[in-house]
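Peer 1: Please find one structure pasted underneath; my questions will follow.
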Amino acid sequence: MHNDIGSIVLTEEQIKAACQRLGKQLTADYQHTVPLCVGILKGSVLFMTDLIKEIDTHVEMDFMDVSSYHGGMESTGEVKILKDLGTSVEGRDVIIIEDILETGTTLNSIIDLLSYRKANSIEIVTLLDKPSKRKVDIQAKYVGEKIPDDFVVGYGLDYQEKYRNLPYIGLLKEEVYR
Ligand SMILES: O=P(O)(O)OC[C@H]1O[C@H](OP(=O)(O)OP(=O)(O)O)[C@H](O)[C@@H]1O
Ligand SMILES: Nc1nc2[nH]cnc2c(=O)[nH]1
């Protein structure tokens, strides 16, 4: 598996530092409320578990599975809800936790849905942000790292469902795609 990686984009140490920094900001910003952290499956699982350990105040967690990618590398623009929340968001302060924000299609539809369900506030935390690929005007308040327009894998992010268990984020060698 490691042999398929051509270069590293974020090391384990850089990921840990990003989680610590974001965790501190969230601790300060959510002192007076108990936010509902919503992890977007499956990519955000590794990031969410590391991030919430760095939040030093009460939080609750739930998950949604919303898919706009179907095994390849390009967004189809279609968003399907595969698994919905088990918690009501009405009146809640929601923190959406994502591994990557790219076109914004996925988060845009989730925000629309949670607003319709009357969440009190909705903020986005994303480990990675690819602003150059944005199609929808959407910004994350909390960003781990801005990255260029390359397809990354690892730490939750897959290529054809593999590489999610890499502890760092990297680029695949060209030959892996052939
Ligand atoms: O900003 P966008 O262009 O919408 O892309 C970002 C979304 O794409 C990935 O999810 P994916 O649908 O691949 O599901 P996965 O997390 O289960 O791999 C990623 O986890 C984000 O949810
Ligand atoms: N694995 C992976 N999924 C994505 N979804 C949106 N961008 C990416 C990316 O760069 N890598």
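Ordered as shown in the structure tokens, chains take letters A, B, and onward, while each chain numbers its residues from 1 and ligands are numbered from 1 in the order shown.
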Enumerate residues in contact with ligand 2: an atom-to-atom distance of at most 7 Å, counting only C-alpha atoms and all ligand atoms. Format the result as a count of residues only.

Peer 2: 11

Peer 1: So that I can see what lies close to Met61 in chain A, please list as a PyMOL selection string the residues with an atom at most 7 Å from it, counting only C-alpha atoms and leaving out residues fewer than 3 positions away in the same chain.

Peer 2: chain A and resi 36-38

Peer 1: DSSP says strand (DSSP E or B) for which residues of chain A? Put them as an NGL selection string?

Peer 2: :A and (5-10 or 36-41 or 60-67 or 80-83 or 93-101 or 121-129 or 142-146 or 152-154 or 157 or 159 or 162 or 169-172)

Peer 1: Give me the residues within 6 Å of Lys173 in chain A as a list in words, counting only C-alpha atoms and dropping any in the same chain fewer than 2 places off.

Peer 2: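 In the requested form, the answer reads Asp4, Ile5, Gly6, Glu175 and Val176 of chain A.
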
Peer 1: Please extract the residues at most 9 Å from ligand 1, counting only C-alpha atoms and all ligand atoms, and provide them as an MDAnalysis selection string, using the chain letters and residue numbers of this document.

Peer 2: chainID A and resid 40:45 65:77 79 98:109 129:130 133:136 156:161 164

Peer 1: Since we have the selection now, will you write its residues out, keeping C-alpha atoms, as a compact mmCIF listing (two decimals), in the first residue's frame?

Peer 2:
# COMPACT_ATOMS: atom_id res chain seq x y z
CA ILE A 40 -19.78 13.00 6.68
CA LEU A 41 -19.10 9.35 5.92
CA LYS A 42 -16.93 7.77 5.08
CA GLY A 43 -13.97 10.05 4.47
CA SER A 44 -14.23 12.14 7.64
CA VAL A 45 -14.12 9.27 10.15
CA ASP A 65 -23.53 9.49 4.43
CA VAL A 66 -23.94 11.64 1.36
CA SER A 67 -22.28 10.62 -1.84
CA SER A 68 -21.45 12.66 -4.90
CA TYR A 69 -18.59 10.52 -6.13
CA HIS A 70 -19.00 7.05 -7.49
CA GLY A 71 -15.67 5.28 -7.43
CA GLY A 72 -13.80 7.58 -9.80
CA MET A 73 -11.99 10.90 -9.38
CA GLU A 74 -14.52 13.43 -10.73
CA SER A 75 -17.70 14.69 -9.08
CA THR A 76 -20.90 13.77 -10.91
CA GLY A 77 -22.64 16.79 -9.38
CA VAL A 79 -25.80 14.15 -4.31
CA GLU A 98 -15.40 16.89 6.38
CA ASP A 99 -12.16 15.43 5.15
CA ILE A 100 -12.11 17.54 1.99
CA LEU A 101 -13.99 20.46 0.44
CA GLU A 102 -13.64 20.52 -3.31
CA THR A 103 -16.49 21.61 -5.62
CA GLY A 104 -18.67 22.30 -2.56
CA THR A 105 -21.56 20.28 -4.02
CA THR A 106 -21.71 17.85 -1.11
CA LEU A 107 -21.60 20.46 1.64
CA ASN A 108 -23.96 22.79 -0.17
CA SER A 109 -26.71 20.18 -0.22
CA ASP A 129 -9.62 22.61 1.17
CA LYS A 130 -9.15 22.73 -2.62
CA LYS A 133 -12.00 23.37 -7.72
CA ARG A 134 -14.95 25.21 -6.17
CA LYS A 135 -18.21 25.27 -8.20
CA VAL A 136 -20.52 26.46 -5.42
CA GLY A 156 -9.98 8.56 5.27
CA LEU A 157 -9.72 9.57 1.61
CA ASP A 158 -10.03 6.74 -0.87
CA TYR A 159 -9.26 5.76 -4.42
CA GLN A 160 -11.78 3.07 -5.38
CA GLU A 161 -12.41 2.49 -1.65
CA ARG A 164 -8.46 5.16 3.60

Peer 1: Please run DSSP on the backbone and report, as a ChimeraX atom specification, all residues within chain A that come out as helix (DSSP H, G or I).

Peer 2: /A:2-4,12-29,45-52,105-116,131-133,174-177

Peer 1: Atoms to include: C-alpha atoms. Write the selected residues as a compact mmCIF listing (two decimals), in the first residue's frame.

Peer 2:
# COMPACT_ATOMS: atom_id res chain seq x y z
CA HIS A 2 2.69 2.54 1.03
CA ASN A 3 4.58 1.65 -2.11
CA ASP A 4 1.75 3.08 -4.26
CA GLU A 12 1.04 12.34 10.42
CA GLU A 13 2.69 15.13 12.42
CA GLN A 14 1.12 17.85 10.25
CA ILE A 15 -2.30 16.22 10.60
CA LYS A 16 -1.90 16.05 14.38
CA ALA A 17 -0.87 19.71 14.53
CA ALA A 18 -3.90 20.69 12.41
CA CYS A 19 -6.24 18.72 14.72
CA GLN A 20 -4.73 20.42 17.78
CA ARG A 21 -5.05 23.91 16.28
CA LEU A 22 -8.63 23.37 15.10
CA GLY A 23 -9.57 21.68 18.39
CA LYS A 24 -8.38 24.75 20.32
CA GLN A 25 -10.41 27.10 18.11
CA LEU A 26 -13.54 24.96 18.47
CA THR A 27 -13.07 24.69 22.24
CA ALA A 28 -12.99 28.48 22.47
CA ASP A 29 -15.89 29.04 20.05
CA VAL A 45 -14.12 9.27 10.15
CA LEU A 46 -10.37 9.31 10.88
CA PHE A 47 -10.25 13.11 11.05
CA MET A 48 -13.36 13.35 13.23
CA THR A 49 -12.11 10.88 15.82
CA ASP A 50 -8.76 12.68 16.12
CA LEU A 51 -10.31 16.16 16.04
CA ILE A 52 -12.97 15.71 18.72
CA THR A 105 -21.56 20.28 -4.02
CA THR A 106 -21.71 17.85 -1.11
CA LEU A 107 -21.60 20.46 1.64
CA ASN A 108 -23.96 22.79 -0.17
CA SER A 109 -26.71 20.18 -0.22
CA ILE A 110 -26.08 19.20 3.40
CA ILE A 111 -26.24 22.83 4.53
CA ASP A 112 -29.50 23.33 2.60
CA LEU A 113 -30.99 20.30 4.30
CA LEU A 114 -29.86 21.23 7.83
CA SER A 115 -31.05 24.83 7.36
CA TYR A 116 -34.44 23.54 6.22
CA PRO A 131 -10.42 26.26 -3.38
CA SER A 132 -9.38 26.08 -7.04
CA LYS A 133 -12.00 23.37 -7.72
CA GLU A 174 0.78 7.46 -11.99
CA GLU A 175 1.15 3.72 -12.56
CA VAL A 176 -1.56 2.96 -9.96
CA TYR A 177 -4.17 4.55 -12.25

Peer 1: In Å, with one decimal, what is the gap from CA of Ile55 in chain A to CA of Gln31 in chain A?

Peer 2: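 Spanning CA of Ile55 in chain A to CA of Gln31 in chain A is a straight-line distance of 10.0 Å.
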
Peer 1: Nearest residue to Ala119 in chain A out of A:Glu54, A:Glu90, A:Asp84, A:Asp137, using only C-alpha atoms?

Peer 2: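 Selected residue with least distance to Ala119 in chain A: A:Glu90.
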